[in-house]
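Chemist: Structure below; questions to follow.
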Amino acid sequence: MKKAKRLIALLTSAMLAMSMLAGCGAQSPSSEAESKPEVPSDSSEVQQEHEPVELTLWVSSRNADEFSENQKKQFLDEHPWIKFNEVVKEGDPGNDFYSAVAAGTAPDCIQGSFTMMNKYISSGIVAPLNEYLDAWDETENYDKAYLDMFTKDGKIYGVPNQVMPMLFAYNKALFKEAGIEKAPETWEEALEAAKKINAPEKNIAGYATLSAEWTEWFFQYYVWQAGGDLTKENEDGTAELTFTDPAVIEAAKYYQKLSAEKLLPSDRTLKFKDLLDNFAQGKIGMMPFAVDWVVDVANSGMDLDNLGLILPPTGPSGKSVTAIAGDCWVINAKSDKAKQDAAWEYISFMTSKEQRSAFYENLASKGAIAPVTIPRTDMKIADFAQMPEEWTPILASVGEIGRMEFYGKADFGPYVDRAVQAILTDPNADPAKEFGDAQALAEKEALEGFNTANKKA
């Protein structure tokens with residue numbers, strides 16, 4: 001129980017870590033600054049070297065606290081030629097940014113979700129950052145794997161801020177009771193472990209995945225682990241649908257095997273939150289699991305000593321592949337050069353080692369750090385808070401195996417969802433037919449519109 005008590009200090013920042021669509025200038029820690037920033041003695045001379053510039057930022061009330069206010073003050077004291085035009089923006093600024101750029105009302109920079117980056121880049125609304133990164137003395141301290149995620153045709157469009165990997169969780173207590181000595185490393189090992197854990201008479205399912213909603217969310221990981229994908233992005237920004245790729249069929253057959261063996265929860269109406277609650281209550285042996293869900297299962301009563309986190313088991317490809325979420329800083333491509341330069345000054349300030357260290361140190365002092373991945377090579381979460389040693393190498397390795405969600409997921413995901421639900425509902429369903437039909441429908445209803453909107457000029 002001692003470890004579990006120590007881990008409580010890691011839990012209360014899930015909402016903080018997931019508030020990754022905040023406008024530029026809005027940081028999310030809930031903590032107090034311990035000292036006020038110093039004002040540079042040569043600020044008047046610095047100001048004379050620059051033309052005044054106003055930086056438009058979206059800010060949210062949920063991110064307003066003393067720490068962020070002091071951080072903002074420090075930046076403005078060190079950059080006296082820059083002034084903020086703060087526009088209150090609640091809701092989902094990530095999606096709104098896309099339309100706001102077209103309308104000319106967007107901020108000059110934002111913290112954008114990883115899931116929005118493909119859309120931002122393909123539509124040309126975010127500016128390349130190469131000239132800034134090439135001159136920045138801290139670029140070399142960023143994990144290249146994460147910078148590469150936002151690189152297209154040699155141009156880098158985002159500076160990663162915080163990474164939330166999708167891992168795989170298992171209940172250590174259930175594994176022990178079943179006599180299983182090690183966590184599964186492959187699909188087959190996971191299947192065999194699930195058989196040993198499965199106890200319908202006790203309302204315990206050996207395995208769980210989404211079956212009632214958002215099924216394409218988890219399913220894509222299995223497709224990748226089988227060596228394929230659900231779509232292909234062409235060089236011109238258009239997409240091809242690959243729902244009938246052999247890897248898709250392999251993933252579907254694995255799903256069907258889990259269903260046929262009755263290893264999944266018998267209630268197929270369970271939604272995402274239901275699965276987390278059941279896992280926390282010891283009713284599920286293992287399932288895909290993101291690091292920020294630690295807070296959810298803890299709040300649902302799980303003893304964290306029983307929470308095992310591992311890289312996703314490998315499929316037919318022999319590789320462990322998963323998705324990573326998070327947020328990164330981007331600059332509005334439609335802003336003029338002076339504003340883009342000012343935006344970079346702000347981004348490089350906020351993502352510097354000094355500021356990121358202060359960010360996590362303040363969180364640690366309040367017991368509010370989640371086990372996220374820091375995309376820098378010169379710091380890690382374990383530097384700021386105690387956590388299980390087994391998590392550290394896992395968090396460090398996700399950059400090598402993590403990737404973005406499949407191209408066009410927002411547009412084509414609902415069609416994948418239909419096929420996945422069909423194969424889980426009907427054990428006699430033919431995966432090739434179900435996914436072939438889903439692809440045909442998506443091509444008829446969604447593909448042309450997507451390609452028209454995303455094709456490069």
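Chain identifiers are assigned as A, B, and so on, following the order in which chains appear in the structure tokens; residues are numbered from 1 within each chain, and ligands are numbered from 1 in order of appearance.
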Write down as a list of chain:residue names the residues belonging to segment 280-317 of chain A that are assigned strand (DSSP E or B) by DSSP computed on the backbone.

Modeler: A:Ile284, A:Met286, A:Met287, A:Pro288, A:Phe289, A:Ala290, A:Leu307, A:Gly308, A:Leu309, A:Ile310, A:Thr314

Chemist: Identify, on the basis of only C-alpha atoms, every residue whose closest approach to segment 321-328 of chain A does not exceed 9 Å; exclude the query and any residue fewer than 6 positions from it along the same chain; express the result as a ChimeraX atom specification.

Modeler: /A:17-21,110-115,117,158-167,220-222,224-225,290,311-315,398-405

Chemist: Those residues with C-alpha atoms, as a compact mmCIF listing (two decimals), in the first residue's frame please?

Modeler:
# COMPACT_ATOMS: atom_id res chain seq x y z
CA ALA A 17 -2.75 17.05 -19.02
CA MET A 18 -5.74 16.61 -21.29
CA SER A 19 -6.49 20.34 -21.51
CA MET A 20 -4.13 20.44 -24.44
CA LEU A 21 -6.15 22.63 -26.75
CA ILE A 110 -1.98 27.90 -29.96
CA GLN A 111 -1.29 24.65 -28.18
CA GLY A 112 -2.87 22.19 -30.59
CA SER A 113 -3.82 18.59 -30.01
CA PHE A 114 -1.74 15.93 -31.75
CA THR A 115 -4.99 14.65 -33.25
CA MET A 117 -2.02 18.26 -36.55
CA GLY A 158 4.98 21.86 -34.25
CA VAL A 159 7.00 21.87 -31.03
CA PRO A 160 5.75 19.03 -28.80
CA ASN A 161 4.88 20.11 -25.29
CA GLN A 162 3.58 17.03 -23.48
CA VAL A 163 2.97 13.46 -24.63
CA MET A 164 0.19 11.10 -23.53
CA PRO A 165 0.93 7.56 -24.80
CA MET A 166 -1.60 4.78 -25.19
CA LEU A 167 -0.24 1.74 -23.35
CA GLN A 220 -6.57 0.99 -35.21
CA TYR A 221 -3.84 -0.09 -32.78
CA TYR A 222 -4.42 -3.74 -33.64
CA TRP A 224 -0.93 -1.29 -36.90
CA GLN A 225 0.33 -4.19 -34.79
CA ALA A 290 -3.66 5.66 -21.68
CA LEU A 311 3.78 -1.59 -24.09
CA PRO A 312 0.98 -3.04 -26.23
CA PRO A 313 1.46 -6.74 -27.02
CA THR A 314 2.81 -7.37 -30.51
CA GLY A 315 0.66 -8.71 -33.32
CA VAL A 398 6.91 5.36 -26.74
CA GLY A 399 8.49 7.92 -29.05
CA GLU A 400 9.99 5.08 -31.06
CA ILE A 401 6.78 3.06 -31.39
CA GLY A 402 4.10 5.75 -31.18
CA ARG A 403 2.34 7.31 -34.14
CA MET A 404 -0.56 9.56 -35.00
CA GLU A 405 -4.08 8.26 -35.51

Chemist: In Å, with one decimal, what is the gap from atom CA of Gly285 of chain A to atom CA of Asn198 of chain A?

Modeler: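 Interatomic distance here is 7.7 Å.
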
Chemist: Any idea what the distance is between atom CA of Lys195 of chain A and atom CA of Glu261 of chain A?

Modeler: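 These two atoms are separated by 7.9 Å.
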
Chemist: Which one of A:Val297, A:Leu174, A:Ala102, A:Leu447 sits closest to Leu276 of chain A if you count only C-alpha atoms?

Modeler: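 Using only C-alpha atoms, the shortest distance to Leu276 of chain A belongs to A:Val297.
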
Chemist: Just how far from atom CA of Gln386 of chain A is atom CA of Trp293 of chain A, in Å to one decimal?

Modeler: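 Taking atom CA of Trp293 of chain A as the start and atom CA of Gln386 of chain A as the end point, the length is 17.8 Å.
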
Chemist: I'd like the neighbourhood of segment 432-436 of chain A as number ranges by chain, where a residue qualifies if any of its atoms comes within 9 Å (using only C-alpha atoms), though same-chain residues fewer than 5 positions away should be ignored.

Modeler: A: 243-244, 246, 248-249, 252, 415-416, 418-420, 422-423, 441

Chemist: Determine the nearest neighbour of Glu443 of chain A from the options A:Ala173, A:Leu57, A:Leu241, A:Ala194, counting only C-alpha atoms.

Modeler: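 With only C-alpha atoms as the atom set, the closest residue is A:Leu241.
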
Chemist: Need the shell around Asn332 of chain A: protein/DNA/RNA residues with any atom at most 9 Å away, counting only C-alpha atoms. Skip same-chain ones fewer than 5 positions apart. Format as a list in words?

Modeler: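 Listing them by chain and then by number gives Val101, Ala106, Pro107, Asp108, Cys109, Ile110, Ile125, Val126, Ala127, Gln340 and Ala343 of chain A.
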